[in-house]
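> Got a structure for you, query-v4.pdb, holding PDB, C-alpha atoms.
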```pdb
ATOM      1  CA  MET M   1      75.655 -97.389  21.667
ATOM      2  CA  ASN M   2      75.069-100.195  19.248
ATOM      3  CA  ARG M   3      72.165 -98.369  17.642
ATOM      4  CA  LEU M   4      74.164 -95.149  17.438
ATOM      5  CA  THR M   5      77.103 -97.024  16.003
ATOM      6  CA  ARG M   6      74.909 -98.560  13.310
ATOM      7  CA  ILE M   7      73.442 -95.154  12.421
ATOM      8  CA  SER M   8      76.911 -93.615  12.259
ATOM      9  CA  ALA M   9      78.178 -96.443  10.075
ATOM     10  CA  THR M  10      75.208 -96.085   7.748
ATOM     11  CA  LEU M  11      75.689 -92.328   7.438
ATOM     12  CA  ALA M  12      79.392 -92.831   6.799
ATOM     13  CA  ALA M  13      78.655 -95.356   4.056
ATOM     14  CA  VAL M  14      76.147 -93.011   2.418
ATOM     15  CA  THR M  15      78.661 -90.176   2.599
ATOM     16  CA  VAL M  16      81.419 -92.299   1.027
ATOM     17  CA  ALA M  17      79.064 -93.533  -1.715
ATOM     18  CA  ALA M  18      77.965 -89.985  -2.438
ATOM     19  CA  GLY M  19      81.604 -88.947  -2.570
ATOM     20  CA  PHE M  20      82.347 -91.590  -5.185
ATOM     21  CA  THR M  21      79.279 -90.554  -7.175
ATOM     22  CA  LEU M  22      80.386 -86.947  -7.200
ATOM     23  CA  ALA M  23      84.030 -87.829  -7.849
ATOM     24  CA  ALA M  24      83.434 -89.974 -10.968
ATOM     25  CA  PRO M  25      82.475 -87.121 -13.332
ATOM     26  CA  ALA M  26      85.331 -85.037 -11.960
ATOM     27  CA  CYS M  27      87.813 -87.706 -13.053
ATOM     28  CA  ALA M  28      86.316 -87.710 -16.545
ATOM     29  CA  ASP M  29      86.398 -83.911 -16.621
ATOM     30  CA  GLU M  30      90.106 -83.937 -15.780
ATOM     31  CA  TYR M  31      90.994 -86.344 -18.595
ATOM     32  CA  PRO M  32      93.756 -86.614 -19.632
ATOM     33  CA  SER M  33      95.473 -86.373 -16.257
ATOM     34  CA  LYS M  34      98.593 -88.338 -17.189
ATOM     35  CA  ALA M  35     100.643 -89.406 -20.195
ATOM     36  CA  ILE M  36      98.969 -91.505 -22.897
ATOM     37  CA  SER M  37     100.629 -94.569 -24.402
ATOM     38  CA  TYR M  38     100.566 -94.239 -28.213
ATOM     39  CA  ILE M  39     101.499 -97.557 -29.829
ATOM     40  CA  ILE M  40     102.556 -97.701 -33.478
ATOM     41  CA  PRO M  41     102.047-101.255 -34.854
ATOM     42  CA  PHE M  42     104.952-100.793 -37.280
ATOM     43  CA  GLY M  43     108.648-100.086 -36.915
ATOM     44  CA  PRO M  44     110.037 -96.580 -36.332
ATOM     45  CA  GLY M  45     110.617 -94.205 -39.228
ATOM     46  CA  GLY M  46     107.527 -95.008 -41.298
ATOM     47  CA  GLU M  47     104.694 -92.640 -42.081
ATOM     48  CA  SER M  48     102.613 -93.784 -39.080
ATOM     49  CA  ASP M  49     105.568 -92.925 -36.852
ATOM     50  CA  ILE M  50     106.167 -89.590 -38.595
ATOM     51  CA  SER M  51     102.510 -88.674 -38.071
ATOM     52  CA  ALA M  52     102.645 -89.529 -34.370
ATOM     53  CA  ARG M  53     105.847 -87.527 -33.934
ATOM     54  CA  HIS M  54     104.168 -84.509 -35.515
ATOM     55  CA  GLN M  55     101.120 -84.890 -33.240
ATOM     56  CA  GLN M  56     103.198 -85.312 -30.081
ATOM     57  CA  PRO M  57     104.281 -81.693 -29.333
ATOM     58  CA  TYR M  58     100.905 -80.208 -30.272
ATOM     59  CA  PHE M  59      99.062 -82.599 -27.981
ATOM     60  CA  LYS M  60     101.465 -81.715 -25.155
ATOM     61  CA  GLU M  61     101.049 -77.978 -25.777
ATOM     62  CA  MET M  62      97.242 -78.118 -25.984
ATOM     63  CA  PHE M  63      96.449 -80.671 -23.270
ATOM     64  CA  GLY M  64      99.473 -80.655 -20.997
ATOM     65  CA  GLN M  65     100.181 -84.379 -21.302
ATOM     66  CA  ASP M  66     102.702 -86.435 -23.225
ATOM     67  CA  LEU M  67     101.998 -88.939 -25.955
ATOM     68  CA  VAL M  68     104.522 -91.682 -25.183
ATOM     69  CA  ILE M  69     105.266 -93.388 -28.509
ATOM     70  CA  SER M  70     106.293 -97.044 -28.653
ATOM     71  CA  TYR M  71     106.349 -99.707 -31.362
ATOM     72  CA  LYS M  72     104.857-103.163 -31.761
ATOM     73  CA  PRO M  73     105.738-104.179 -35.342
ATOM     74  CA  GLY M  74     104.932-107.427 -37.085
ATOM     75  CA  GLY M  75     102.568-108.855 -39.677
ATOM     76  CA  GLY M  76     102.010-105.514 -41.367
ATOM     77  CA  GLY M  77     100.329-104.172 -38.228
ATOM     78  CA  ALA M  78      98.448-107.376 -37.379
ATOM     79  CA  VAL M  79     100.576-108.232 -34.335
ATOM     80  CA  GLY M  80      99.666-104.967 -32.631
ATOM     81  CA  TRP M  81      96.019-104.935 -33.661
ATOM     82  CA  SER M  82      95.500-108.519 -32.490
ATOM     83  CA  GLN M  83      96.657-107.476 -29.005
ATOM     84  CA  LEU M  84      94.876-104.124 -28.773
ATOM     85  CA  ASN M  85      91.749-105.351 -26.993
ATOM     86  CA  SER M  86      93.786-107.064 -24.276
ATOM     87  CA  MET M  87      95.268-103.708 -23.257
ATOM     88  CA  PRO M  88      93.873-101.377 -20.537
ATOM     89  CA  ALA M  89      90.604 -99.759 -21.640
ATOM     90  CA  ASP M  90      91.043 -96.643 -19.509
ATOM     91  CA  GLY M  91      91.687 -94.038 -22.191
ATOM     92  CA  TYR M  92      95.442 -94.027 -21.576
ATOM     93  CA  THR M  93      96.308 -96.572 -24.265
ATOM     94  CA  MET M  94      95.758 -96.027 -27.983
ATOM     95  CA  MET M  95      97.151 -97.503 -31.178
ATOM     96  CA  GLY M  96      97.668 -96.296 -34.723
ATOM     97  CA  ILE M  97      95.543 -97.919 -37.437
ATOM     98  CA  ASN M  98      95.542 -97.710 -41.197
ATOM     99  CA  LEU M  99      93.576 -98.624 -44.294
ATOM    100  CA  PRO M 100      93.496-100.802 -46.253
ATOM    101  CA  HIS M 101      95.344-103.036 -43.750
ATOM    102  CA  ILE M 102      92.670-103.362 -41.046
ATOM    103  CA  ILE M 103      90.090-104.217 -43.719
ATOM    104  CA  LEU M 104      92.013-106.616 -45.942
ATOM    105  CA  LYS M 105      94.258-108.524 -43.549
ATOM    106  CA  PRO M 106      91.413-110.289 -41.684
ATOM    107  CA  LEU M 107      89.858-111.231 -45.039
ATOM    108  CA  GLN M 108      93.072-112.838 -46.272
ATOM    109  CA  LYS M 109      93.642-115.157 -43.289
ATOM    110  CA  ASP M 110      93.284-115.465 -39.531
ATOM    111  CA  VAL M 111      95.406-112.644 -38.134
ATOM    112  CA  GLY M 112      93.952-112.573 -34.631
ATOM    113  CA  PHE M 113      91.450-109.766 -35.161
ATOM    114  CA  LYS M 114      88.467-108.769 -37.290
ATOM    115  CA  THR M 115      87.885-105.316 -38.727
ATOM    116  CA  GLU M 116      84.919-104.842 -36.398
ATOM    117  CA  ASP M 117      87.164-105.581 -33.400
ATOM    118  CA  ILE M 118      89.024-102.324 -34.017
ATOM    119  CA  ASP M 119      87.437 -99.469 -32.043
ATOM    120  CA  GLY M 120      88.673 -96.518 -34.092
ATOM    121  CA  PHE M 121      87.910 -93.023 -32.863
ATOM    122  CA  PHE M 122      89.570 -90.668 -35.356
ATOM    123  CA  MET M 123      90.927 -90.890 -38.904
ATOM    124  CA  PHE M 124      93.202 -87.889 -39.239
ATOM    125  CA  HIS M 125      94.928 -88.068 -42.627
ATOM    126  CA  TYR M 126      95.867 -90.081 -45.654
ATOM    127  CA  THR M 127      98.900 -90.254 -47.882
ATOM    128  CA  PRO M 128      97.358 -89.980 -51.351
ATOM    129  CA  ASP M 129      98.502 -92.445 -53.968
ATOM    130  CA  ALA M 130     100.573 -90.787 -56.655
ATOM    131  CA  LEU M 131     101.970 -91.870 -59.984
ATOM    132  CA  VAL M 132     105.689 -91.108 -59.635
ATOM    133  CA  VAL M 133     108.479 -91.066 -62.229
ATOM    134  CA  LYS M 134     112.102 -89.986 -62.192
ATOM    135  CA  SER M 135     112.773 -86.346 -62.999
ATOM    136  CA  ASP M 136     114.310 -87.312 -66.336
ATOM    137  CA  SER M 137     111.597 -89.823 -67.313
ATOM    138  CA  LYS M 138     110.340 -89.880 -70.874
ATOM    139  CA  PHE M 139     106.821 -89.908 -69.436
ATOM    140  CA  LYS M 140     105.911 -86.248 -69.072
ATOM    141  CA  SER M 141     102.248 -86.891 -68.368
ATOM    142  CA  VAL M 142      99.858 -89.673 -67.415
ATOM    143  CA  GLN M 143      98.684 -89.790 -71.021
ATOM    144  CA  ASP M 144     102.256 -90.394 -72.214
ATOM    145  CA  LEU M 145     102.445 -93.429 -69.956
ATOM    146  CA  ILE M 146      99.013 -94.718 -70.975
ATOM    147  CA  ASP M 147      99.835 -94.372 -74.684
ATOM    148  CA  PHE M 148     103.070 -96.327 -74.252
ATOM    149  CA  ALA M 149     101.352 -99.006 -72.159
ATOM    150  CA  LYS M 150      98.663 -99.523 -74.798
ATOM    151  CA  GLU M 151     101.305-100.229 -77.406
ATOM    152  CA  ASN M 152     103.500-102.263 -75.043
ATOM    153  CA  SER M 153     101.233-104.382 -72.878
ATOM    154  CA  GLY M 154     102.799-105.329 -69.555
ATOM    155  CA  LYS M 155     106.072-103.555 -70.267
ATOM    156  CA  VAL M 156     105.434-100.572 -67.986
ATOM    157  CA  THR M 157     106.649-101.730 -64.583
ATOM    158  CA  PHE M 158     105.639-100.069 -61.310
ATOM    159  CA  SER M 159     107.374-100.446 -57.981
ATOM    160  CA  GLY M 160     105.156-100.285 -54.916
ATOM    161  CA  SER M 161     105.122-100.914 -51.198
ATOM    162  CA  GLY M 162     104.023-104.507 -50.686
ATOM    163  CA  LYS M 163     101.469-106.869 -52.152
ATOM    164  CA  GLY M 164      97.864-105.977 -51.390
ATOM    165  CA  SER M 165      98.928-102.544 -50.139
ATOM    166  CA  ALA M 166      97.339 -99.205 -51.070
ATOM    167  CA  ASN M 167      99.966 -98.910 -53.824
ATOM    168  CA  HIS M 168      99.097-102.313 -55.280
ATOM    169  CA  LEU M 169      95.372-101.565 -55.234
ATOM    170  CA  ALA M 170      96.086 -98.231 -56.916
ATOM    171  CA  GLN M 171      97.921 -99.982 -59.765
ATOM    172  CA  VAL M 172      95.034-102.394 -60.292
ATOM    173  CA  THR M 173      92.462 -99.592 -60.233
ATOM    174  CA  PHE M 174      94.496 -97.407 -62.586
ATOM    175  CA  ASP M 175      94.959-100.229 -65.121
ATOM    176  CA  LYS M 176      91.227-100.866 -65.111
ATOM    177  CA  LEU M 177      90.291 -97.197 -65.541
ATOM    178  CA  ALA M 178      92.931 -96.573 -68.226
ATOM    179  CA  GLY M 179      92.249 -99.812 -70.118
ATOM    180  CA  ILE M 180      95.863-100.933 -69.967
ATOM    181  CA  LYS M 181      97.971-103.735 -68.523
ATOM    182  CA  THR M 182     101.042-102.858 -66.459
ATOM    183  CA  THR M 183     103.267-104.930 -64.162
ATOM    184  CA  TYR M 184     103.428-104.339 -60.410
ATOM    185  CA  VAL M 185     106.618-105.199 -58.500
ATOM    186  CA  ALA M 186     106.186-105.356 -54.722
ATOM    187  CA  PHE M 187     108.957-104.104 -52.436
ATOM    188  CA  LYS M 188     109.254-104.107 -48.651
ATOM    189  CA  GLY M 189     108.267-100.560 -47.835
ATOM    190  CA  THR M 190     108.094 -97.188 -49.534
ATOM    191  CA  GLY M 191     111.832 -96.597 -49.155
ATOM    192  CA  ALA M 192     112.770 -99.726 -51.089
ATOM    193  CA  SER M 193     110.149 -98.916 -53.692
ATOM    194  CA  VAL M 194     111.634 -95.445 -54.218
ATOM    195  CA  GLN M 195     115.151 -96.853 -54.517
ATOM    196  CA  ALA M 196     113.934 -99.259 -57.204
ATOM    197  CA  LEU M 197     112.612 -96.284 -59.164
ATOM    198  CA  LEU M 198     115.761 -94.203 -58.697
ATOM    199  CA  GLY M 199     117.898 -97.190 -59.656
ATOM    200  CA  ASP M 200     116.006 -97.653 -62.945
ATOM    201  CA  GLN M 201     114.730-101.099 -61.923
ATOM    202  CA  VAL M 202     111.196-100.019 -62.899
ATOM    203  CA  SER M 203     109.537 -97.582 -65.288
ATOM    204  CA  ALA M 204     107.580 -95.716 -62.611
ATOM    205  CA  GLN M 205     106.326 -96.003 -59.062
ATOM    206  CA  TRP M 206     102.990 -96.210 -57.329
ATOM    207  CA  GLY M 207     104.024 -94.174 -54.347
ATOM    208  CA  TYR M 208     102.501 -91.441 -52.260
ATOM    209  CA  THR M 209     102.562 -87.656 -52.322
ATOM    210  CA  SER M 210     105.063 -87.958 -49.471
ATOM    211  CA  VAL M 211     107.580 -89.383 -51.975
ATOM    212  CA  GLY M 212     107.332 -86.162 -53.957
ATOM    213  CA  ALA M 213     107.911 -84.146 -50.780
ATOM    214  CA  THR M 214     110.917 -86.207 -49.674
ATOM    215  CA  HIS M 215     112.603 -86.609 -53.080
ATOM    216  CA  ALA M 216     111.551 -83.384 -54.795
ATOM    217  CA  ASP M 217     114.845 -83.040 -56.672
ATOM    218  CA  LYS M 218     114.809 -86.598 -58.029
ATOM    219  CA  VAL M 219     111.197 -87.429 -58.918
ATOM    220  CA  ARG M 220     108.103 -85.954 -60.560
ATOM    221  CA  LEU M 221     104.494 -86.647 -59.727
ATOM    222  CA  LEU M 222     102.323 -87.137 -62.818
ATOM    223  CA  ALA M 223      99.008 -87.210 -60.937
ATOM    224  CA  VAL M 224      97.595 -87.605 -57.417
ATOM    225  CA  ALA M 225      94.599 -89.648 -56.271
ATOM    226  CA  MET M 226      92.802 -86.820 -54.477
ATOM    227  CA  GLU M 227      89.547 -84.885 -54.704
ATOM    228  CA  GLU M 228      91.513 -81.654 -55.172
ATOM    229  CA  ARG M 229      95.141 -80.826 -55.911
ATOM    230  CA  HIS M 230      97.584 -81.166 -53.035
ATOM    231  CA  PRO M 231      98.667 -77.788 -51.573
ATOM    232  CA  SER M 232     102.327 -78.789 -51.841
ATOM    233  CA  PHE M 233     101.949 -79.781 -55.518
ATOM    234  CA  PRO M 234      99.675 -77.180 -57.095
ATOM    235  CA  ASP M 235     100.868 -77.995 -60.626
ATOM    236  CA  VAL M 236     100.131 -81.733 -60.378
ATOM    237  CA  PRO M 237      96.640 -82.723 -61.603
ATOM    238  CA  THR M 238      94.313 -85.110 -59.832
ATOM    239  CA  PHE M 239      93.216 -88.270 -61.606
ATOM    240  CA  LYS M 240      89.693 -86.854 -61.466
ATOM    241  CA  GLU M 241      90.817 -83.931 -63.580
ATOM    242  CA  LEU M 242      92.095 -86.486 -66.088
ATOM    243  CA  GLY M 243      88.717 -88.193 -66.272
ATOM    244  CA  MET M 244      89.370 -91.015 -63.785
ATOM    245  CA  ASN M 245      87.195 -91.295 -60.687
ATOM    246  CA  PHE M 246      90.082 -92.325 -58.504
ATOM    247  CA  VAL M 247      90.710 -91.148 -54.924
ATOM    248  CA  SER M 248      92.869 -93.449 -52.813
ATOM    249  CA  GLY M 249      95.852 -93.835 -50.553
ATOM    250  CA  ALA M 250      96.924 -95.099 -47.150
ATOM    251  CA  TYR M 251      94.500 -93.760 -44.543
ATOM    252  CA  ARG M 252      95.638 -93.399 -40.931
ATOM    253  CA  GLY M 253      93.880 -93.005 -37.637
ATOM    254  CA  ILE M 254      93.835 -94.148 -34.016
ATOM    255  CA  ALA M 255      91.925 -96.787 -32.042
ATOM    256  CA  VAL M 256      91.458 -97.625 -28.369
ATOM    257  CA  PRO M 257      90.866-100.986 -26.667
ATOM    258  CA  LYS M 258      87.226-102.064 -26.706
ATOM    259  CA  GLY M 259      85.517-101.163 -23.469
ATOM    260  CA  THR M 260      87.073 -97.697 -23.248
ATOM    261  CA  PRO M 261      84.268 -95.483 -21.815
ATOM    262  CA  ASP M 262      82.358 -93.561 -24.483
ATOM    263  CA  ASP M 263      82.830 -90.204 -22.735
ATOM    264  CA  ILE M 264      86.596 -90.731 -22.567
ATOM    265  CA  LYS M 265      86.687 -91.883 -26.189
ATOM    266  CA  LYS M 266      84.841 -88.726 -27.243
ATOM    267  CA  LYS M 267      87.252 -86.539 -25.287
ATOM    268  CA  LEU M 268      90.186 -88.254 -26.974
ATOM    269  CA  SER M 269      88.507 -87.911 -30.373
ATOM    270  CA  ASP M 270      87.904 -84.208 -29.746
ATOM    271  CA  ALA M 271      91.522 -83.761 -28.618
ATOM    272  CA  ILE M 272      93.000 -85.327 -31.767
ATOM    273  CA  GLY M 273      90.529 -83.286 -33.812
ATOM    274  CA  LYS M 274      91.826 -80.086 -32.203
ATOM    275  CA  VAL M 275      95.412 -81.064 -32.968
ATOM    276  CA  ASN M 276      94.375 -81.781 -36.557
ATOM    277  CA  ALA M 277      92.803 -78.323 -36.835
ATOM    278  CA  ASN M 278      95.911 -76.477 -35.644
ATOM    279  CA  PRO M 279      97.154 -74.340 -38.591
ATOM    280  CA  ASP M 280     100.847 -74.931 -37.841
ATOM    281  CA  PHE M 281     100.303 -78.668 -37.534
ATOM    282  CA  ARG M 282      98.446 -78.733 -40.833
ATOM    283  CA  LYS M 283     101.249 -76.863 -42.587
ATOM    284  CA  LYS M 284     103.839 -79.350 -41.336
ATOM    285  CA  MET M 285     101.754 -82.331 -42.384
ATOM    286  CA  GLU M 286     101.051 -80.922 -45.841
ATOM    287  CA  ALA M 287     104.723 -80.063 -46.327
ATOM    288  CA  ASP M 288     105.483 -83.760 -45.757
ATOM    289  CA  GLY M 289     102.935 -84.739 -48.397
ATOM    290  CA  PHE M 290     100.045 -85.762 -46.136
ATOM    291  CA  ALA M 291      96.408 -84.819 -46.804
ATOM    292  CA  LEU M 292      94.368 -84.034 -43.693
ATOM    293  CA  LEU M 293      91.084 -85.778 -42.846
ATOM    294  CA  ASP M 294      88.611 -85.219 -40.032
ATOM    295  CA  VAL M 295      86.651 -88.381 -39.260
ATOM    296  CA  PRO M 296      85.699 -88.333 -35.539
ATOM    297  CA  ALA M 297      84.472 -91.231 -33.403
ATOM    298  CA  ASP M 298      80.794 -90.947 -34.365
ATOM    299  CA  LYS M 299      81.596 -91.098 -38.095
ATOM    300  CA  TYR M 300      84.310 -93.756 -37.982
ATOM    301  CA  LYS M 301      82.124 -96.806 -38.708
ATOM    302  CA  ALA M 302      80.417 -95.133 -41.681
ATOM    303  CA  PHE M 303      83.847 -94.230 -43.082
ATOM    304  CA  ILE M 304      85.042 -97.852 -42.841
ATOM    305  CA  ASP M 305      81.798 -99.130 -44.393
ATOM    306  CA  GLU M 306      82.200 -96.677 -47.289
ATOM    307  CA  LYS M 307      85.798 -97.668 -48.023
ATOM    308  CA  THR M 308      85.443-101.437 -47.680
ATOM    309  CA  PRO M 309      83.731-102.374 -50.998
ATOM    310  CA  GLY M 310      86.309-100.570 -53.148
ATOM    311  CA  TYR M 311      89.225-102.142 -51.299
ATOM    312  CA  VAL M 312      87.718-105.613 -51.530
ATOM    313  CA  GLU M 313      87.018-105.289 -55.261
ATOM    314  CA  ALA M 314      90.544-104.027 -56.011
ATOM    315  CA  ALA M 315      92.088-106.739 -53.795
ATOM    316  CA  LYS M 316      90.239-109.427 -55.742
ATOM    317  CA  GLU M 317      91.475-107.890 -59.004
ATOM    318  CA  ALA M 318      95.006-107.899 -57.551
ATOM    319  CA  GLY M 319      94.724-111.560 -56.652
ATOM    320  CA  VAL M 320      95.203-111.065 -52.914
ATOM    321  CA  LEU M 321      91.593-112.046 -52.120
ATOM    322  CA  GLU M 322      89.529-114.832 -53.586
TER
END
```
Go through the file and emit its structure as structure tokens.

Amino acid sequence: MNRLTRISATLAAVTVAAGFTLAAPACADEYPSKAISYIIPFGPGGESDISARHQQPYFKEMFGQDLVISYKPGGGGAVGWSQLNSMPADGYTMMGINLPHIILKPLQKDVGFKTEDIDGFFMFHYTPDALVVKSDSKFKSVQDLIDFAKENSGKVTFSGSGKGSANHLAQVTFDKLAGIKTTYVAFKGTGASVQALLGDQVSAQWGYTSVGATHADKVRLLAVAMEERHPSFPDVPTFKELGMNFVSGAYRGIAVPKGTPDDIKKKLSDAIGKVNANPDFRKKMEADGFALLDVPADKYKAFIDEKTPGYVEAAKEAGVLE
């Protein structure tokens, strides 16, 4: 009996082990099998939140699972990103990321994470920088503004969202390319920056194409920092068309905690890519002023490496990095 018992136990163990071996791929194949926590490291109502809200119904429709959006604001995203790698690495937790923040913040001071700590798996869009003026501004073109700035050094004032932000770096880059000196005034967020423009506190704004979409009756875009014209603003030239090699903005994507299995990360990357490719989704995003990108998991690191030198150079010019 003892011998038979041992044989039975051994066979049972082999059977259980084989069952686990066979079951593991099945679990991966069924991913996602439950709701995914989607953490925005900023407060509600910003462009990261708007993007997530647009993605939410399409993800549900295509994959049958909810994206449960929550917020962990603080430190311009740093509070959330510093905690990301302590969260479950099972594919059911992800967090919004953006550039230039995840590149510049760790270079400015100890914020609890390094750029290489962020395991990004898809960059899905950017809000292109745009030179914005009021509808009744005397500046009818970029050249009008440049001509005035050359004769009145420092007197053209730009509002923008924060110091060391994409807007601030855009102002520094533009001044350098145009051979002028303007004054940048940092505000807490795009909304406050727009209000400063509308209230005549500044001459113009370094905003985003989304400002033109949201305040179409009150502002004009003079140029956009894109490779090609934005579909929602076909009459607005790119800076490239005006002879300035200038493509920039706030880039957004998603990351998972380090240790998330590669096969799950790829599935999640593919899923967000499919949402990004949906024609209706693209129309909604473009109508809000966003420009779509498709940088999947296997191209993420190269994308960050490509963007880093330009951000660092502009940040040093802006005085936010030594």
> Smallest atom-to-atom distance to Val320 of chain M: which of M:Ser165, M:Thr157, M:Ser141, M:Thr190, using all atoms listed in the file?
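Looking at the shortest contact to Val320 of chain M, the residue is M:Ser165.
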> Excluding same-chain residues fewer than 2 positions from Pro57 of chain M, what lies within 12 Å of it counting all atoms listed in the file, as a VMD selection string?
chain M and resid 51 to 55 59 to 69 275 278 280 to 281
> I'd like the neighbourhood of Glu228 of chain M as a PyMOL selection string, where a residue qualifies if any of its atoms comes within 9 Å (using only C-alpha atoms), though same-chain residues fewer than 4 positions away should be ignored.
chain M and resi 224+237-238+240-241
> Restrict the selected residues to C-alpha atoms and save them as a PDB file, keeping the file's coordinate frame.

```pdb
ATOM      1  CA  VAL M 224      97.595 -87.605 -57.417  1.00  0.00           C
ATOM      2  CA  PRO M 237      96.640 -82.723 -61.603  1.00  0.00           C
ATOM      3  CA  THR M 238      94.313 -85.110 -59.832  1.00  0.00           C
ATOM      4  CA  LYS M 240      89.693 -86.854 -61.466  1.00  0.00           C
ATOM      5  CA  GLU M 241      90.817 -83.931 -63.580  1.00  0.00           C
TER       6      GLU M 241
END
```
> Identify which of the residues M:Gln143, M:Ser269, M:Ser161, M:Asn245 lies closest to Leu222 of chain M, counting only C-alpha atoms when measuring atom-to-atom distances.
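Checking each candidate against Leu222 of chain M, we get M:Gln143 as the closest.
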> In Å to one decimal, how far is atom CA of Leu169 of chain M from atom CA of Gly243 of chain M?
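Between atom CA of Gly243 of chain M and atom CA of Leu169 of chain M the gap works out to 18.6 Å.
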> Can you turn the PyMOL selection byres ((chain M and resi 216) around 12) into a concrete residue list for this file, as an mmCIF file with C-alpha atoms, in the frame of the given file?

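What landed in part_2.cif:
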```cif
data_model
loop_
_atom_site.group_PDB
_atom_site.id
_atom_site.type_symbol
_atom_site.label_atom_id
_atom_site.label_comp_id
_atom_site.auth_asym_id
_atom_site.auth_seq_id
_atom_site.Cartn_x
_atom_site.Cartn_y
_atom_site.Cartn_z
ATOM 1 C CA VAL M 132 105.689 -91.108 -59.635
ATOM 2 C CA VAL M 133 108.479 -91.066 -62.229
ATOM 3 C CA LYS M 134 112.102 -89.986 -62.192
ATOM 4 C CA SER M 135 112.773 -86.346 -62.999
ATOM 5 C CA THR M 209 102.562 -87.656 -52.322
ATOM 6 C CA SER M 210 105.063 -87.958 -49.471
ATOM 7 C CA VAL M 211 107.580 -89.383 -51.975
ATOM 8 C CA GLY M 212 107.332 -86.162 -53.957
ATOM 9 C CA ALA M 213 107.911 -84.146 -50.780
ATOM 10 C CA THR M 214 110.917 -86.207 -49.674
ATOM 11 C CA HIS M 215 112.603 -86.609 -53.080
ATOM 12 C CA ASP M 217 114.845 -83.040 -56.672
ATOM 13 C CA LYS M 218 114.809 -86.598 -58.029
ATOM 14 C CA VAL M 219 111.197 -87.429 -58.918
ATOM 15 C CA ARG M 220 108.103 -85.954 -60.560
ATOM 16 C CA LEU M 221 104.494 -86.647 -59.727
ATOM 17 C CA SER M 232 102.327 -78.789 -51.841
ATOM 18 C CA PHE M 233 101.949 -79.781 -55.518
ATOM 19 C CA ALA M 287 104.723 -80.063 -46.327
ATOM 20 C CA ASP M 288 105.483 -83.760 -45.757
ATOM 21 C CA GLY M 289 102.935 -84.739 -48.397
#
```
> Return as a list in words the set of residues that the PyMOL selection byres ((chain M and resi 115-117) around 6) yields on the displayed structure.
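Those residues are Ile102, Ile103, Lys114 and Ile118 of chain M.
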> Separation of atom CA of Ile39 of chain M and atom CA of Ser70 of chain M, in Å?
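Computing it gives 5.0 Å between the two atoms.
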> Kindly extract all protein, DNA and RNA residues lying within 12 Å of the coordinates (89.3, -97.5, -48.2) given in the file, considering all atoms listed in the file, and supply them as a VMD selection string.
chain M and resid 98 to 104 123 126 128 to 129 165 to 166 169 to 170 246 to 252 300 to 315
> I'd like the residues picked by the PyMOL selection byres ((chain M and resi 42) around 9) written out as a PyMOL selection string, using the chain letters and numbers from the file.
chain M and resi 39-41+43-46+48-49+71-77+80+96
> Could you please take those selected residues and save C-alpha atoms as a PDB file, in the frame of the given file?

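What ended up in selection39.pdb:
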```
ATOM      1  CA  ILE M  39     101.499 -97.557 -29.829  1.00  0.00           C
ATOM      2  CA  ILE M  40     102.556 -97.701 -33.478  1.00  0.00           C
ATOM      3  CA  PRO M  41     102.047-101.255 -34.854  1.00  0.00           C
ATOM      4  CA  GLY M  43     108.648-100.086 -36.915  1.00  0.00           C
ATOM      5  CA  PRO M  44     110.037 -96.580 -36.332  1.00  0.00           C
ATOM      6  CA  GLY M  45     110.617 -94.205 -39.228  1.00  0.00           C
ATOM      7  CA  GLY M  46     107.527 -95.008 -41.298  1.00  0.00           C
ATOM      8  CA  SER M  48     102.613 -93.784 -39.080  1.00  0.00           C
ATOM      9  CA  ASP M  49     105.568 -92.925 -36.852  1.00  0.00           C
ATOM     10  CA  TYR M  71     106.349 -99.707 -31.362  1.00  0.00           C
ATOM     11  CA  LYS M  72     104.857-103.163 -31.761  1.00  0.00           C
ATOM     12  CA  PRO M  73     105.738-104.179 -35.342  1.00  0.00           C
ATOM     13  CA  GLY M  74     104.932-107.427 -37.085  1.00  0.00           C
ATOM     14  CA  GLY M  75     102.568-108.855 -39.677  1.00  0.00           C
ATOM     15  CA  GLY M  76     102.010-105.514 -41.367  1.00  0.00           C
ATOM     16  CA  GLY M  77     100.329-104.172 -38.228  1.00  0.00           C
ATOM     17  CA  GLY M  80      99.666-104.967 -32.631  1.00  0.00           C
ATOM     18  CA  GLY M  96      97.668 -96.296 -34.723  1.00  0.00           C
TER      19      GLY M  96
END
```
> Closest to Asp29 of chain M among M:Ala318, M:Val194, M:Leu293, M:Leu268, using all atoms listed in the file?
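Using all atoms listed in the file, Asp29 of chain M sits closest to M:Leu268.
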> Nearest residue to Val202 of chain M out of M:Ile36, M:Ile97, M:Val156, M:Ala178, using only C-alpha atoms?
M:Val156
> Of the candidates M:Lys105, M:Arg282, M:His168, M:Lys188, which one gets nearest to Trp206 of chain M if we count all atoms listed in the file?
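Comparing M:Lys105, M:Arg282, M:His168, M:Lys188 against Trp206 of chain M, the winner is M:His168.
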> For each of M:Gly120, M:Gly319, M:Pro88, M:Pro231, take the minimum atom-to-atom distance to Leu292 of chain M, counting all atoms listed in the file, then give the residue where this is smallest.
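Closest residue, counting all atoms listed in the file: M:Pro231.
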> If you measure from atom CA of Gly162 of chain M to atom CA of Asp175 of chain M, what distance in Å do you get, rounded to one decimal?
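Answer for the atom CA of Gly162 of chain M to atom CA of Asp175 of chain M separation: 17.6 Å.
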> If the box runs along x, y and z of the file and leaves 5 Å on each side of segment 212-220 of chain M, what are its centre and edge lengths in Å, one decimal, as JSON?

```
{"center_x": 111.1, "center_y": -85.2, "center_z": -55.1, "size_x": 17.5, "size_y": 14.4, "size_z": 20.9}
```
> Compute the distance from (100.5, -96.2, -72.1) to each atom, counting only C-alpha atoms, keep the residues with any atom at most 12 Å away, and return them as a list in words; use the coordinates of the file.
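Counting only C-alpha atoms, I find these residues within 12 Å of (100.5, -96.2, -72.1): Lys138, Phe139, Lys140, Ser141, Val142, Gln143, Asp144, Leu145, Ile146, Asp147, Phe148, Ala149, Lys150, Glu151, Asn152, Ser153, Gly154, Lys155, Val156, Thr157, Phe174, Asp175, Ala178, Gly179, Ile180, Lys181, Thr182, Ser203 and Ala204 of chain M.
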